Each structure stands twice: as structure tokens, then as C-alpha cells.
Amino acid sequence: MFRKMRRSPQALSHEEIVEVLKKETRGVLSVNGDDGYPYGVPINHYYDEETGKLYFHGANFGYRVDAVRKDPKVSYCVFGQEYQKEGDWAKYVKSVIVFGKVELIEDPEGIEKWSRLLCSKFPCPQEYVDTEIQKDAARTLCFAIEIEDINGKLVHEA
């Protein structure tokens with residue numbers, strides 16, 4: 001169902017994939033949009049090793065919500081951990097691509113739980129998190145990607 005990586009020598013191990021998902025804070029979520037056009041949106045994410053799912057949050061209305069209600073199949077791309085080897089002009093970067101189906105989390109307890117965990121990836125004060133959750137929870141949804149396929153690779157930009 002999912003294609004094998006063409007450049008398999010560049011493949012990241014499962015542990016490296018998890019590291020990228022946990023350390024990087026942002027990626028691009030792509031959904032099946034209107035009239036067959038893909039719609040990609042940059043978002044913050046939280047990877048939970050216990051459930052093996054990616055979580056993110058946003059408004060409980062809009063294009064992204066409409067798209068996943070119509071078709072829950074998505075892809076999500078994360079990249080980062082860029083570095084350069086001494087004497088090499090080109091950089092290396094790790095990337096991870098996830099394919100899966102989105103589950104909407106609409107219960108208030110789940111929204112608060114995953115919103116707090118998402119915020120834990122950022123250095124914001126606890127008071128700020130509490131205020132934002134209290135202010136916006138009624139207009140918020142959380143989304144979980146049930147991962148069906150995942151791969152990562154080390155790209156040399158030369």
C-alpha cells in the first residue's frame with residue numbers, strides 16, 4: 001500500500017525517527033483539500049511514544065477540520081537537526097514523513113491533556129498555558145494521527 005523508500009541506505013532507524021518527532025516542534029500537515037487539491041499547513045506537534053501517535057491542536061472549525069472530516073487520510077512531514085561535516089559545503093538534514101488517519105479529539109479532558117503536552121515543548125510560562133486553555137478550550141479541537149506508515153532519511157543537500 002505504501003511505497004518503499006527509494007534511497008534506503010539513507011534511511012533513519014526507528015530510534016532516529018522518534019528522536020526527530022520528539023525534538024522538532026513543527027511540521028507540515030497535508031490533507032485532501034477542495035476539488036482534489038492538497039492543502040498543507042505548518043503546525044506544531046507532540047509525539048507520544050506510549051500511544052505511538054502524533055497530536056496537534058487548532059480551532060474546531062475551518063478548512064483543516066472540514067478536510068479531515070471529509071477524508072481522514074493525511075501526511076505529515078517534519079525536518080530538522082541540520083548539521084554540516086567539517087570541510088563539506090553541503091548540509092545534512094533529517095526528515096520524517098508520516099502517513100495515517102486523523103482522529104478528532106473533542107472531549108474537554110482530552111483537549112486539555114494534549115494541549116498541555118503540546119505546550120510542554122515550548123518554554124512558555126505555566127500561567128500563560130493555563131490562561132490560554134481556559135480562554136480557548138471551548139473553540140479548540142485536538143487531532144491525533146494514527147500512524148499507518150512512517151519513514152525517515154538523512155538527506156545530504158549536495
# chains A, B, ... in the order shown; residues from 1 in each chain; ligands from 1
$ residues_around --residues "Leu118 in chain A" --least-positions-apart "5" --cutoff "8 Å" --atoms "only C-alpha atoms" --output "ChimeraX atom specification"
/A:44-46,55-56
$ write_last_selection --atoms "N, CA and C atoms" --output "PDB file, in the first residue's frame"
ATOM      1  N   ASN A  44       2.429  22.888  14.900  1.00  0.00           N
ATOM      2  CA  ASN A  44       3.227  22.322  15.982  1.00  0.00           C
ATOM      3  C   ASN A  44       2.672  20.941  16.290  1.00  0.00           C
ATOM      4  N   HIS A  45       3.526  20.044  16.748  1.00  0.00           N
ATOM      5  CA  HIS A  45       3.064  18.689  17.042  1.00  0.00           C
ATOM      6  C   HIS A  45       3.668  18.181  18.352  1.00  0.00           C
ATOM      7  N   TYR A  46       3.063  17.127  18.845  1.00  0.00           N
ATOM      8  CA  TYR A  46       3.573  16.407  20.003  1.00  0.00           C
ATOM      9  C   TYR A  46       3.525  14.922  19.663  1.00  0.00           C
ATOM     10  N   TYR A  55       0.105  14.280  17.872  1.00  0.00           N
ATOM     11  CA  TYR A  55      -1.016  15.110  18.302  1.00  0.00           C
ATOM     12  C   TYR A  55      -0.755  16.557  17.932  1.00  0.00           C
ATOM     13  N   PHE A  56      -1.820  17.260  17.590  1.00  0.00           N
ATOM     14  CA  PHE A  56      -1.753  18.690  17.373  1.00  0.00           C
ATOM     15  C   PHE A  56      -3.112  19.278  17.712  1.00  0.00           C
TER      16      PHE A  56
END
$ select_by_dssp --residues "range 44-134 of chain A" --states "strand (DSSP E or B)" --output "ChimeraX atom specification"
/A:44,46-48,53-59,73-83,92-105
$ write_last_selection --atoms "C-alpha atoms" --output "short mmCIF file (atom, residue, chain, number, x, y, z; two decimals), in the first residue's frame"
data_model
loop_
_atom_site.label_atom_id
_atom_site.label_comp_id
_atom_site.auth_asym_id
_atom_site.auth_seq_id
_atom_site.Cartn_x
_atom_site.Cartn_y
_atom_site.Cartn_z
CA ASN A 44 3.23 22.32 15.98
CA TYR A 46 3.57 16.41 20.00
CA TYR A 47 4.69 12.79 19.53
CA ASP A 48 3.57 10.40 22.26
CA LYS A 53 0.52 8.87 17.73
CA LEU A 54 1.18 12.45 16.71
CA TYR A 55 -1.02 15.11 18.30
CA PHE A 56 -1.75 18.69 17.37
CA HIS A 57 -4.46 21.22 18.12
CA GLY A 58 -6.31 24.05 16.45
CA ALA A 59 -9.66 25.71 16.04
CA LYS A 73 -6.14 10.40 5.39
CA VAL A 74 -3.18 12.75 5.88
CA SER A 75 0.56 13.01 5.56
CA TYR A 76 2.81 14.92 7.90
CA CYS A 77 6.39 15.97 7.18
CA VAL A 78 8.95 17.01 9.79
CA PHE A 79 12.53 18.00 9.09
CA GLY A 80 15.42 19.44 11.02
CA GLN A 81 18.51 18.53 13.00
CA GLU A 82 20.59 20.18 10.31
CA TYR A 83 24.37 19.88 10.53
CA TYR A 92 22.75 17.26 6.16
CA VAL A 93 19.17 17.28 7.38
CA LYS A 94 16.92 14.58 8.82
CA SER A 95 13.35 14.25 7.58
CA VAL A 96 10.41 12.11 8.62
CA ILE A 97 7.20 11.50 6.69
CA VAL A 98 4.13 10.06 8.38
CA PHE A 99 1.06 8.67 6.65
CA GLY A 100 -2.05 7.98 8.66
CA LYS A 101 -5.61 8.82 9.56
CA VAL A 102 -6.70 11.65 11.81
CA GLU A 103 -8.91 11.03 14.81
CA LEU A 104 -10.64 14.11 16.22
CA ILE A 105 -10.44 14.58 19.98
#
$ residues_around --residues "range 61-72 of chain A" --least-positions-apart "6" --cutoff "10 Å" --atoms "only C-alpha atoms" --output "PyMOL selection string"
chain A and resi 29-34+38-41+100-104+139-141+143+145-146
$ write_last_selection --atoms "C-alpha atoms" --output "short mmCIF file (atom, residue, chain, number, x, y, z; two decimals), in the first residue's frame"
data_model
loop_
_atom_site.label_atom_id
_atom_site.label_comp_id
_atom_site.auth_asym_id
_atom_site.auth_seq_id
_atom_site.Cartn_x
_atom_site.Cartn_y
_atom_site.Cartn_z
CA LEU A 29 0.26 18.61 7.74
CA SER A 30 -1.17 17.80 4.30
CA VAL A 31 -4.83 16.95 3.87
CA ASN A 32 -7.02 16.18 0.89
CA GLY A 33 -8.49 19.60 0.20
CA ASP A 34 -11.21 21.01 -2.01
CA PRO A 38 -3.75 19.00 -1.47
CA TYR A 39 -3.71 21.50 1.39
CA GLY A 40 -0.58 21.79 3.51
CA VAL A 41 -0.41 23.78 6.70
CA GLY A 100 -2.05 7.98 8.66
CA LYS A 101 -5.61 8.82 9.56
CA VAL A 102 -6.70 11.65 11.81
CA GLU A 103 -8.91 11.03 14.81
CA LEU A 104 -10.64 14.11 16.22
CA ARG A 139 -13.13 26.62 20.47
CA THR A 140 -10.36 24.02 20.30
CA LEU A 141 -10.06 20.53 18.86
CA PHE A 143 -6.19 15.84 16.42
CA ILE A 145 -2.69 10.90 13.71
CA GLU A 146 -2.96 7.12 13.87
#
$ atom_distance --atom1 "CA of Met1 in chain A" --atom2 "CA of Glu24 in chain A"
27.6 Å
$ residues_around --residues "Gln134 in chain A" --least-positions-apart "3" --cutoff "12 Å" --atoms "only C-alpha atoms" --output "list in words"
Pro108, Ile111, Glu112, Ser115, Arg116, Glu127, Tyr128, Val129, Asp130, Thr131, Ala137, Ala138, Arg139 and Thr140 of chain A
$ select_by_dssp --residues "range 62-146 of chain A" --states "helix (DSSP H, G or I)" --output "MDAnalysis selection string"
chainID A and resid 63:70 108:119 126:139
$ write_last_selection --atoms "N, CA and C atoms" --output "tab-separated table (two decimals), in the first residue's frame"
chain	number	residue	atom	x	y	z
A	63	TYR	N	-10.88	25.11	7.34
A	63	TYR	CA	-10.53	24.27	6.20
A	63	TYR	C	-9.97	22.93	6.64
A	64	ARG	N	-9.00	22.94	7.55
A	64	ARG	CA	-8.37	21.70	8.01
A	64	ARG	C	-9.39	20.75	8.63
A	65	VAL	N	-10.27	21.28	9.47
A	65	VAL	CA	-11.29	20.45	10.12
A	65	VAL	C	-12.26	19.88	9.09
A	66	ASP	N	-12.71	20.75	8.18
A	66	ASP	CA	-13.62	20.28	7.11
A	66	ASP	C	-12.98	19.16	6.29
A	67	ALA	N	-11.69	19.34	5.97
A	67	ALA	CA	-11.00	18.36	5.13
A	67	ALA	C	-10.86	17.01	5.84
A	68	VAL	N	-10.47	17.00	7.12
A	68	VAL	CA	-10.29	15.70	7.79
A	68	VAL	C	-11.61	15.04	8.14
A	69	ARG	N	-12.67	15.83	8.29
A	69	ARG	CA	-13.99	15.22	8.49
A	69	ARG	C	-14.44	14.51	7.21
A	70	LYS	N	-14.08	15.09	6.07
A	70	LYS	CA	-14.45	14.50	4.78
A	70	LYS	C	-13.56	13.30	4.44
A	108	PRO	N	-13.48	17.60	26.38
A	108	PRO	CA	-12.71	18.64	27.07
A	108	PRO	C	-11.47	18.13	27.80
A	109	GLU	N	-11.55	16.95	28.42
A	109	GLU	CA	-10.39	16.42	29.14
A	109	GLU	C	-9.26	16.08	28.18
A	110	GLY	N	-9.59	15.47	27.07
A	110	GLY	CA	-8.58	15.14	26.06
A	110	GLY	C	-7.97	16.39	25.46
A	111	ILE	N	-8.80	17.38	25.17
A	111	ILE	CA	-8.30	18.64	24.62
A	111	ILE	C	-7.31	19.29	25.58
A	112	GLU	N	-7.67	19.34	26.86
A	112	GLU	CA	-6.77	19.95	27.84
A	112	GLU	C	-5.48	19.15	27.97
A	113	LYS	N	-5.58	17.83	28.05
A	113	LYS	CA	-4.40	16.98	28.20
A	113	LYS	C	-3.41	17.19	27.07
A	114	TRP	N	-3.87	17.06	25.83
A	114	TRP	CA	-2.97	17.13	24.69
A	114	TRP	C	-2.51	18.56	24.45
A	115	SER	N	-3.33	19.55	24.75
A	115	SER	CA	-2.91	20.95	24.62
A	115	SER	C	-1.76	21.24	25.59
A	116	ARG	N	-1.87	20.75	26.81
A	116	ARG	CA	-0.80	20.96	27.80
A	116	ARG	C	0.49	20.26	27.36
A	117	LEU	N	0.37	19.05	26.84
A	117	LEU	CA	1.56	18.34	26.39
A	117	LEU	C	2.21	19.04	25.19
A	118	LEU	N	1.38	19.56	24.28
A	118	LEU	CA	1.91	20.33	23.17
A	118	LEU	C	2.68	21.55	23.69
A	119	CYS	N	2.11	22.23	24.65
A	119	CYS	CA	2.75	23.43	25.21
A	119	CYS	C	4.04	23.09	25.94
A	126	GLN	N	3.81	28.60	32.79
A	126	GLN	CA	2.61	27.81	33.11
A	126	GLN	C	1.36	28.69	33.19
A	127	GLU	N	1.50	29.90	33.71
A	127	GLU	CA	0.35	30.81	33.82
A	127	GLU	C	-0.21	31.13	32.44
A	128	TYR	N	0.68	31.30	31.48
A	128	TYR	CA	0.25	31.57	30.11
A	128	TYR	C	-0.54	30.39	29.56
A	129	VAL	N	-0.02	29.19	29.76
A	129	VAL	CA	-0.70	27.98	29.29
A	129	VAL	C	-2.08	27.87	29.93
A	130	ASP	N	-2.17	28.06	31.24
A	130	ASP	CA	-3.45	27.97	31.95
A	130	ASP	C	-4.46	28.97	31.41
A	131	THR	N	-4.00	30.21	31.20
A	131	THR	CA	-4.89	31.27	30.69
A	131	THR	C	-5.38	30.95	29.29
A	132	GLU	N	-4.48	30.52	28.41
A	132	GLU	CA	-4.87	30.21	27.03
A	132	GLU	C	-5.85	29.04	26.96
A	133	ILE	N	-5.60	28.02	27.75
A	133	ILE	CA	-6.50	26.86	27.75
A	133	ILE	C	-7.87	27.27	28.28
A	134	GLN	N	-7.91	28.03	29.35
A	134	GLN	CA	-9.19	28.49	29.90
A	134	GLN	C	-9.94	29.36	28.89
A	135	LYS	N	-9.21	30.23	28.21
A	135	LYS	CA	-9.81	31.16	27.26
A	135	LYS	C	-10.30	30.46	25.98
A	136	ASP	N	-9.51	29.50	25.46
A	136	ASP	CA	-9.79	28.97	24.12
A	136	ASP	C	-10.27	27.52	24.05
A	137	ALA	N	-10.32	26.82	25.15
A	137	ALA	CA	-10.66	25.38	25.11
A	137	ALA	C	-11.99	25.10	24.43
A	138	ALA	N	-12.97	25.96	24.61
A	138	ALA	CA	-14.29	25.73	24.01
A	138	ALA	C	-14.26	25.81	22.49
A	139	ARG	N	-13.24	26.48	21.93
A	139	ARG	CA	-13.13	26.62	20.47
A	139	ARG	C	-12.01	25.76	19.90
$ atom_distance --atom1 "CA of Ala144 in chain A" --atom2 "CA of Ser120 in chain A"
16.9 Å
$ residues_around --residues "Lys4 in chain A" --least-positions-apart "3" --cutoff "12 Å" --atoms "only C-alpha atoms" --output "MDAnalysis selection string"
chainID A and resid 1 7:9 11 149:152
$ closest_residue --among "A:Lys85, A:Lys121, A:His14, A:Lys91" --to "Ala158 in chain A" --atoms "only C-alpha atoms"
A:Lys91
